[in-house]
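> Next up, my_file_32.txt (compact mmCIF, C-alpha atoms).
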```txt
# COMPACT_ATOMS: atom_id res chain seq x y z
CA MET A 1 -14.13 52.65 -71.36
CA ALA A 2 -12.23 55.15 -69.31
CA THR A 3 -8.95 56.61 -70.53
CA ASN A 4 -7.00 54.44 -68.08
CA ASN A 5 -8.08 51.25 -69.86
CA ALA A 6 -10.67 50.55 -67.23
CA ILE A 7 -14.18 49.31 -67.89
CA ASN A 8 -16.91 50.56 -65.60
CA TYR A 9 -18.25 47.26 -64.45
CA ARG A 10 -21.31 46.18 -62.56
CA PRO A 11 -20.80 42.85 -60.81
CA ILE A 12 -23.99 41.02 -61.74
CA SER A 13 -23.94 37.27 -61.23
CA TRP A 14 -26.03 34.44 -59.83
CA PHE A 15 -26.00 30.76 -58.96
CA VAL A 16 -29.32 29.16 -58.02
CA TYR A 17 -30.27 25.54 -57.47
CA PRO A 18 -33.13 23.38 -56.18
CA SER A 19 -32.74 22.22 -52.58
CA ILE A 20 -34.86 19.08 -52.87
CA ASP A 21 -35.43 16.33 -55.40
CA THR A 22 -38.75 16.35 -57.21
CA ASP A 23 -40.16 13.05 -58.41
CA ASP A 24 -41.97 12.09 -61.61
CA GLN A 25 -41.47 15.41 -63.36
CA THR A 26 -41.08 14.25 -66.93
CA GLY A 27 -40.42 11.24 -69.13
CA ASP A 28 -43.56 11.37 -71.27
CA GLY A 29 -42.65 14.55 -73.10
CA THR A 30 -43.75 16.92 -70.36
CA GLY A 31 -41.60 20.04 -70.56
CA ILE A 32 -40.44 21.45 -67.25
CA SER A 33 -38.86 24.63 -66.03
CA PRO A 34 -36.90 23.65 -62.94
CA PHE A 35 -37.77 25.51 -59.75
CA PHE A 36 -34.57 26.86 -58.24
CA ASP A 37 -35.60 27.62 -54.67
CA THR A 38 -32.15 28.42 -53.24
CA THR A 39 -29.47 30.94 -54.10
CA LYS A 40 -25.76 30.37 -53.59
CA PHE A 41 -25.21 33.94 -54.64
CA LEU A 42 -27.27 36.63 -56.33
CA ILE A 43 -25.54 39.95 -56.67
CA GLY A 44 -25.66 43.14 -58.67
CA GLY A 45 -29.41 43.57 -58.75
CA ALA A 46 -30.42 40.42 -60.62
CA THR A 47 -33.91 39.48 -59.48
CA PHE A 48 -34.84 35.92 -58.61
CA PHE A 49 -38.26 34.47 -59.31
CA GLY A 50 -37.71 30.79 -58.64
CA HIS A 51 -37.95 29.58 -62.21
CA GLN A 52 -36.10 32.48 -63.77
CA ILE A 53 -33.80 35.46 -63.30
CA GLY A 54 -34.56 39.04 -64.24
CA ALA A 55 -31.82 41.14 -65.85
CA PRO A 56 -31.20 44.42 -64.00
CA VAL A 57 -29.35 46.08 -66.87
CA ALA A 58 -29.04 45.52 -70.61
CA GLY A 59 -25.95 43.69 -71.72
CA TYR A 60 -24.33 40.47 -72.83
CA TYR A 61 -24.64 37.68 -70.29
CA MET A 62 -22.81 34.36 -70.13
CA ILE A 63 -25.32 31.79 -68.90
CA ASN A 64 -24.98 28.12 -68.11
CA ALA A 65 -27.25 25.46 -66.74
CA GLN A 66 -27.12 21.83 -65.75
CA VAL A 67 -29.94 19.42 -64.99
CA THR A 68 -29.54 15.96 -63.46
CA PHE A 69 -32.28 13.41 -64.00
CA GLY A 70 -32.89 10.26 -62.00
CA ASN A 71 -34.97 7.10 -62.37
CA VAL A 72 -34.38 7.03 -66.11
CA ALA A 73 -35.56 3.89 -67.89
CA ALA A 74 -35.98 3.26 -71.62
CA HIS A 75 -36.58 6.94 -72.34
CA THR A 76 -35.28 7.75 -75.78
CA ALA A 77 -34.95 11.54 -75.93
CA ALA A 78 -34.03 14.43 -73.70
CA SER A 79 -33.07 18.04 -74.15
CA ILE A 80 -32.18 21.18 -72.25
CA ASN A 81 -32.05 24.76 -73.35
CA ILE A 82 -31.89 28.29 -72.00
CA LEU A 83 -34.91 30.46 -72.72
CA ASN A 84 -35.48 34.20 -72.62
CA THR A 85 -39.12 34.03 -71.57
CA THR A 86 -39.63 37.70 -72.41
CA THR A 87 -38.54 37.56 -76.05
CA GLY A 88 -38.77 33.83 -76.77
CA GLU A 89 -35.13 33.65 -77.79
CA GLN A 90 -33.56 30.35 -76.82
CA SER A 91 -30.31 28.50 -77.10
CA THR A 92 -29.97 25.54 -79.41
CA PRO A 93 -31.18 22.57 -77.37
CA CYS A 94 -28.62 20.04 -76.17
CA GLU A 95 -30.23 16.70 -77.03
CA CYS A 96 -29.45 13.06 -76.30
CA ASN A 97 -30.79 9.55 -75.81
CA PRO A 98 -30.98 9.11 -72.03
CA SER A 99 -31.48 5.34 -72.16
CA VAL A 100 -27.93 5.14 -73.53
CA LEU A 101 -26.45 7.92 -71.42
CA LYS A 102 -27.81 6.87 -68.03
CA ASP A 103 -25.27 5.50 -65.60
CA SER A 104 -25.52 2.39 -63.41
CA SER A 105 -27.71 4.37 -60.98
CA ASP A 106 -30.15 5.37 -63.75
CA LYS A 107 -29.00 8.99 -63.61
CA PHE A 108 -27.69 11.31 -66.28
CA MET A 109 -26.80 14.96 -66.68
CA LEU A 110 -27.43 17.49 -69.40
CA SER A 111 -25.78 20.89 -69.51
CA THR A 112 -25.66 23.85 -71.83
CA GLN A 113 -24.30 27.35 -72.00
CA ALA A 114 -24.68 30.37 -74.22
CA VAL A 115 -24.22 34.11 -74.37
CA PHE A 116 -27.45 36.10 -74.52
CA TYR A 117 -28.09 39.79 -74.99
CA LEU A 118 -30.69 40.71 -72.39
CA ASN A 119 -32.62 43.94 -72.12
CA VAL A 120 -33.51 45.47 -68.79
CA GLY A 121 -36.27 43.37 -67.25
CA ASP A 122 -35.87 40.35 -69.53
CA PHE A 123 -36.38 37.05 -67.78
CA ILE A 124 -34.14 34.10 -68.47
CA GLY A 125 -34.66 30.50 -67.37
CA VAL A 126 -34.09 26.85 -68.17
CA THR A 127 -36.40 24.37 -69.87
CA CYS A 128 -35.89 20.64 -70.25
CA VAL A 129 -37.80 17.56 -71.26
CA VAL A 130 -37.45 13.77 -71.30
CA SER A 131 -39.67 11.71 -73.55
CA GLY A 132 -40.22 8.22 -74.89
CA GLY A 133 -41.51 6.59 -71.73
CA ALA A 134 -43.54 7.05 -68.58
CA LYS A 135 -43.65 10.22 -66.51
CA THR A 136 -41.37 8.71 -63.89
CA VAL A 137 -38.19 10.74 -64.35
CA ASP A 138 -37.05 12.70 -61.32
CA LEU A 139 -35.21 16.01 -61.13
CA LEU A 140 -32.28 15.62 -58.75
CA SER A 141 -31.05 18.49 -56.61
CA GLY A 142 -27.90 17.14 -55.01
CA ILE A 143 -26.80 18.79 -51.77
CA ALA A 144 -25.86 22.37 -50.99
CA SER A 145 -22.13 21.74 -51.21
CA GLU A 146 -22.50 19.71 -54.42
CA PRO A 147 -25.56 20.78 -56.40
CA LEU A 148 -26.41 18.53 -59.33
CA THR A 149 -28.89 20.87 -60.96
CA TRP A 150 -28.21 24.58 -61.25
CA PHE A 151 -28.59 27.79 -63.20
CA SER A 152 -25.78 30.33 -63.18
CA GLY A 153 -24.80 33.40 -65.11
CA ALA A 154 -23.00 36.72 -65.14
CA ILE A 155 -22.88 39.86 -67.20
CA LEU A 156 -19.91 40.06 -69.55
CA ILE A 157 -20.20 43.59 -70.94
CA MET B 1 -11.24 46.95 -58.40
CA ALA B 2 -11.29 50.73 -58.28
CA THR B 3 -13.76 52.58 -56.13
CA ASN B 4 -15.81 53.46 -59.19
CA ASN B 5 -16.41 49.73 -59.92
CA ALA B 6 -13.91 49.80 -62.74
CA ILE B 7 -11.53 46.98 -63.57
CA ASN B 8 -8.21 48.12 -64.98
CA LEU B 9 -7.59 45.81 -67.89
CA ALA B 10 -3.90 46.74 -67.98
CA LYS B 11 -3.37 44.68 -64.84
CA PRO B 12 -3.22 40.90 -65.01
CA TYR B 13 -6.26 39.45 -63.37
CA PRO B 14 -7.01 35.81 -62.61
CA LEU B 15 -7.31 34.02 -65.95
CA PHE B 16 -5.94 30.53 -66.44
CA PHE B 17 -5.88 27.56 -68.81
CA GLY B 18 -4.01 24.35 -68.05
CA TYR B 19 -4.00 21.12 -70.03
CA TYR B 20 -2.49 17.66 -70.25
CA SER B 21 0.30 17.65 -72.79
CA ALA B 22 0.48 13.84 -72.88
CA THR B 23 -1.79 10.94 -72.03
CA THR B 24 -1.62 9.65 -68.48
CA ALA B 25 -1.16 6.07 -67.35
CA ALA B 26 -4.25 4.10 -66.32
CA ILE B 27 -5.64 6.14 -63.44
CA THR B 28 -9.27 5.12 -62.86
CA GLY B 29 -12.01 2.77 -63.99
CA ASP B 30 -12.38 0.82 -60.76
CA GLY B 31 -13.77 3.69 -58.72
CA THR B 32 -10.43 5.34 -58.01
CA LEU B 33 -10.72 9.13 -57.65
CA PHE B 34 -7.90 10.73 -59.62
CA PRO B 35 -6.96 14.38 -59.01
CA LEU B 36 -6.40 15.99 -62.40
CA ALA B 37 -2.90 17.48 -62.51
CA PHE B 38 -2.94 19.36 -65.81
CA ASP B 39 0.78 19.58 -66.45
CA THR B 40 1.09 22.49 -68.86
CA ASP B 41 -0.19 26.05 -68.75
CA LYS B 42 -1.46 27.63 -71.94
CA PHE B 43 -1.78 30.89 -70.04
CA ASP B 44 -1.91 31.89 -66.42
CA LEU B 45 -2.39 35.59 -65.80
CA GLY B 46 -1.52 36.25 -62.21
CA GLY B 47 0.40 33.01 -61.68
CA ASN B 48 -2.30 31.11 -59.81
CA LEU B 49 -2.24 27.73 -61.62
CA LEU B 50 0.34 25.01 -60.96
CA ASN B 51 -0.08 21.41 -62.13
CA GLY B 52 -3.85 21.78 -62.32
CA VAL B 53 -4.16 23.28 -58.85
CA VAL B 54 -5.57 26.80 -58.67
CA THR B 55 -4.76 28.92 -55.63
CA ILE B 56 -7.50 31.52 -55.56
CA PRO B 57 -5.91 34.97 -55.31
CA THR B 58 -9.01 37.09 -54.80
CA THR B 59 -12.34 36.36 -53.18
CA GLY B 60 -15.08 36.42 -55.80
CA LYS B 61 -17.18 34.65 -58.39
CA TYR B 62 -15.25 32.62 -60.93
CA TYR B 63 -16.25 30.98 -64.18
CA ILE B 64 -14.78 27.47 -64.24
CA TYR B 65 -14.75 24.96 -67.10
CA VAL B 66 -13.19 21.50 -67.04
CA THR B 67 -13.24 18.90 -69.79
CA THR B 68 -11.55 15.53 -69.94
CA GLN B 69 -11.18 13.15 -72.84
CA LEU B 70 -10.95 9.67 -71.40
CA GLY B 71 -9.24 6.76 -73.13
CA SER B 72 -9.20 2.95 -72.90
CA LEU B 73 -12.86 2.86 -71.91
CA ALA B 74 -14.72 -0.45 -71.92
CA VAL B 75 -18.37 -1.39 -71.86
CA GLY B 76 -18.14 -2.18 -68.16
CA HIS B 77 -17.30 1.41 -67.22
CA THR B 78 -20.86 2.36 -66.38
CA SER B 79 -20.49 5.42 -64.14
CA CYS B 80 -18.49 8.63 -64.17
CA LEU B 81 -18.06 11.70 -62.02
CA LEU B 82 -16.10 14.82 -62.98
CA GLN B 83 -15.81 17.19 -60.06
CA VAL B 84 -14.19 20.58 -59.52
CA GLY B 85 -13.82 22.75 -56.46
CA LEU B 86 -12.80 22.00 -52.90
CA ALA B 87 -14.34 20.31 -49.88
CA GLY B 88 -17.76 21.76 -49.23
CA ASN B 89 -17.93 23.59 -52.54
CA TYR B 90 -18.00 21.38 -55.62
CA LEU B 91 -19.58 21.34 -59.03
CA ASP B 92 -20.38 17.82 -60.19
CA GLY B 93 -20.59 16.76 -63.81
CA GLY B 94 -20.20 13.78 -66.08
CA TYR B 95 -23.00 11.58 -64.72
CA VAL B 96 -23.22 9.28 -67.73
CA ASN B 97 -22.64 5.68 -68.69
CA ILE B 98 -19.23 6.55 -70.06
CA GLY B 99 -18.61 3.06 -71.44
CA ALA B 100 -21.82 3.14 -73.43
CA ILE B 101 -21.05 6.45 -75.11
CA ARG B 102 -17.42 5.69 -75.98
CA ASP B 103 -16.47 5.99 -79.61
CA SER B 104 -14.79 3.43 -81.87
CA ALA B 105 -11.41 4.40 -80.38
CA ASP B 106 -12.73 3.73 -76.86
CA THR B 107 -12.67 7.40 -75.93
CA ALA B 108 -15.33 9.79 -74.65
CA SER B 109 -15.34 13.27 -73.17
CA VAL B 110 -17.13 14.73 -70.19
CA SER B 111 -17.18 18.30 -68.97
CA VAL B 112 -18.53 20.54 -66.25
CA CYS B 113 -18.85 24.32 -66.09
CA GLY B 114 -20.48 26.96 -63.99
CA LEU B 115 -19.93 29.91 -61.71
CA MET B 116 -18.31 29.24 -58.37
CA ASP B 117 -17.89 31.36 -55.26
CA PHE B 118 -14.35 31.14 -53.93
CA THR B 119 -12.46 32.75 -51.08
CA ALA B 120 -8.89 33.99 -51.35
CA ALA B 121 -6.41 31.15 -50.67
CA ASP B 122 -8.91 28.42 -51.57
CA ILE B 123 -7.16 25.48 -53.24
CA VAL B 124 -9.20 24.36 -56.25
CA GLN B 125 -8.67 21.19 -58.24
CA ALA B 126 -10.68 18.88 -60.50
CA SER B 127 -10.91 15.12 -60.24
CA ILE B 128 -12.26 12.25 -62.32
CA THR B 129 -13.75 8.98 -61.13
CA VAL B 130 -14.83 6.16 -63.45
CA THR B 131 -16.44 3.09 -61.97
CA GLY B 132 -17.53 -0.38 -63.00
CA ALA B 133 -14.56 -2.22 -64.48
CA ALA B 134 -10.77 -2.39 -64.49
CA LYS B 135 -8.42 0.45 -63.64
CA ALA B 136 -7.52 0.96 -67.27
CA VAL B 137 -8.91 4.42 -68.05
CA THR B 138 -6.51 7.16 -69.08
CA VAL B 139 -6.82 10.92 -69.44
CA ILE B 140 -5.87 11.84 -72.97
CA GLY B 141 -3.43 14.69 -73.36
CA ALA B 142 -2.27 16.49 -76.47
CA ALA B 143 -1.06 19.83 -77.70
CA THR B 144 -4.54 20.28 -79.15
CA TYR B 145 -6.05 20.55 -75.65
CA SER B 146 -8.02 17.35 -75.26
CA SER B 147 -8.26 17.68 -71.48
CA TYR B 148 -8.06 21.00 -69.69
CA ILE B 149 -9.21 23.36 -66.99
CA CYS B 150 -9.83 27.04 -67.58
CA GLY B 151 -11.40 29.86 -65.67
CA TYR B 152 -11.41 33.52 -64.79
CA LEU B 153 -12.60 35.95 -62.18
CA ILE B 154 -16.08 37.22 -63.00
CA ASN B 155 -16.43 39.68 -60.16
CA SER B 156 -15.22 40.18 -56.63
```
Just dump the structure as structure tokens.

Amino acid sequence: MATNNAINYRPISWFVYPSIDTDDQTGDGTGISPFFDTTKFLIGGATFFGHQIGAPVAGYYMINAQVTFGNVAAHTAASINILNTTTGEQSTPCECNPSVLKDSSDKFMLSTQAVFYLNVGDFIGVTCVVSGGAKTVDLLSGIASEPLTWFSGAILI
Amino acid sequence: MATNNAINLAKPYPLFFGYYSATTAAITGDGTLFPLAFDTDKFDLGGNLLNGVVTIPTTGKYYIYVTTQLGSLAVGHTSCLLQVGLAGNYLDGGYVNIGAIRDSADTASVSVCGLMDFTAADIVQASITVTGAAKAVTVIGAATYSSYICGYLINS
């Protein structure tokens, strides 16, 4: 910190999302790592590899993710978590029973957030799974102005 | 921001938290979209929050979090949408069967959070829509922050 109470700050942040729905991704326990093919913004040197983001500098990052599933039936378990694929560190999974949570259109959302310490070059992504039924659960993208599934984050310090 | 990419922490920068201090009347349940007018500010550095409406002071990336505790839910309230942003730039959350997950007091909470890209002078507000039964659903307010919006500028 400088003597004038200023923090030298690198504006690293990202928001990525899938542009199209993908059908029959999970439901039978198949774990998936959503493919985020589109960036809303990606600044400060963060690198984008579709399924994950690479950290350009070491630091504490606030990270959040949301996944929206469709075509949910009597599936009994679902979870989402954030995973540092370089170190294996992951957030505590957010878990639920989707057959109870699903709305009248057979959709439901799961979201999670956490603060991670990332080293230079660490890769961070999202994993999720639905189980207890057939592999008929879709991953919904939404539209560009209202994404339903996304992965966003920013460096804190 | 200074030319050396420094943020001077002595200056107020956009940081806000507004909440409902009391429970609303019945505002949704039948598909009515209700703009959330959080009536009390816990803090508002920069003076950008008024009745739940944020006037964006500086173009940049903002962290936004909204949570609502809903009351008077019934089994017939089968869909929910919690939205924040402005036309053409929303985050959607709360896609659940809100009636099915209500507790024994007929309440349940939904939330949405993420980073958003705003332009100076954007008018940002959250809204809640519950569908499937009577217009009986309330937004629960309390001094303990049952329903609120908060956010801050991440970088410009």
> What are the nearest atom pairs, with distances in Å to one decimal, for all residues of stretch 78-142 of chain B that come at most 10 Å from stretch 18-23 of chain B, using all atoms listed in the file, set out by chain and rising residue number as a Markdown table?

```
| residue | atom | partner | partner_atom | distance |
| --- | --- | --- | --- | --- |
| B:Thr138 | CA | B:Thr23 | CA | 6.7 |
| B:Val139 | CA | B:Thr23 | CA | 5.7 |
| B:Ile140 | CA | B:Thr23 | CA | 4.3 |
| B:Gly141 | CA | B:Ala22 | CA | 4.0 |
| B:Ala142 | CA | B:Ser21 | CA | 4.6 |
```
> Expressed in Å to a single decimal, how great is the separation between atom CA of A:Phe35 and atom CA of B:Asn155?
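Atom CA of B:Asn155 lies 25.6 Å from atom CA of A:Phe35.
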> What's the separation between atom CA of B:Ala134 and atom CA of A:Leu101, in Å to one decimal place?
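One can read the atom CA of B:Ala134 to atom CA of A:Leu101 distance as 20.0 Å.
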> May I ask you to extract the residues of chain A within 9 Å of chain B, using only C-alpha atoms, and to give them as a VMD selection string?
chain A and resid 2 4 to 15 40 to 41 63 to 66 68 98 100 to 113 144 to 148 150 to 156
> Could you check how far atom CA of A:Thr127 sits from atom CA of A:Pro18, in Å to one decimal?
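Computing it gives 14.1 Å between the two atoms.
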> Counting only C-alpha atoms, which of A:Val120, A:Ala73, A:Ala114, A:Met62 gets nearest to A:Thr86?
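Ranked by minimum distance to A:Thr86, first place goes to A:Val120.
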> With distances taken over all atoms listed in the file, which residue among B:Thr58, B:Thr67, B:Thr129, B:Thr32 lies nearest B:Cys150?
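So, comparing all the options, the nearest one is B:Thr67.
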> For each of B:Leu82, B:Phe17, B:Asp122, B:Ser104, take the minimum atom-to-atom distance to B:Tyr145, counting only C-alpha atoms, then give the residue where this is smallest.
B:Phe17
> At a cut-off of 12 Å from (-32.3, 41.0, -71.2) in the coordinates of the file, what residues are picked up using all atoms listed in the file, written as a PyMOL selection string?
chain A and resi 46-47+52-63+83-89+115-125+154-155
> Quick one: residues within 8 Å of A:Ala134, all atoms listed in the file counted, chain neighbours fewer than 6 positions away excluded, as a list in words?
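Contacts, with the query itself left out: Thr26, Gly27, Asp28 and His75 of chain A.
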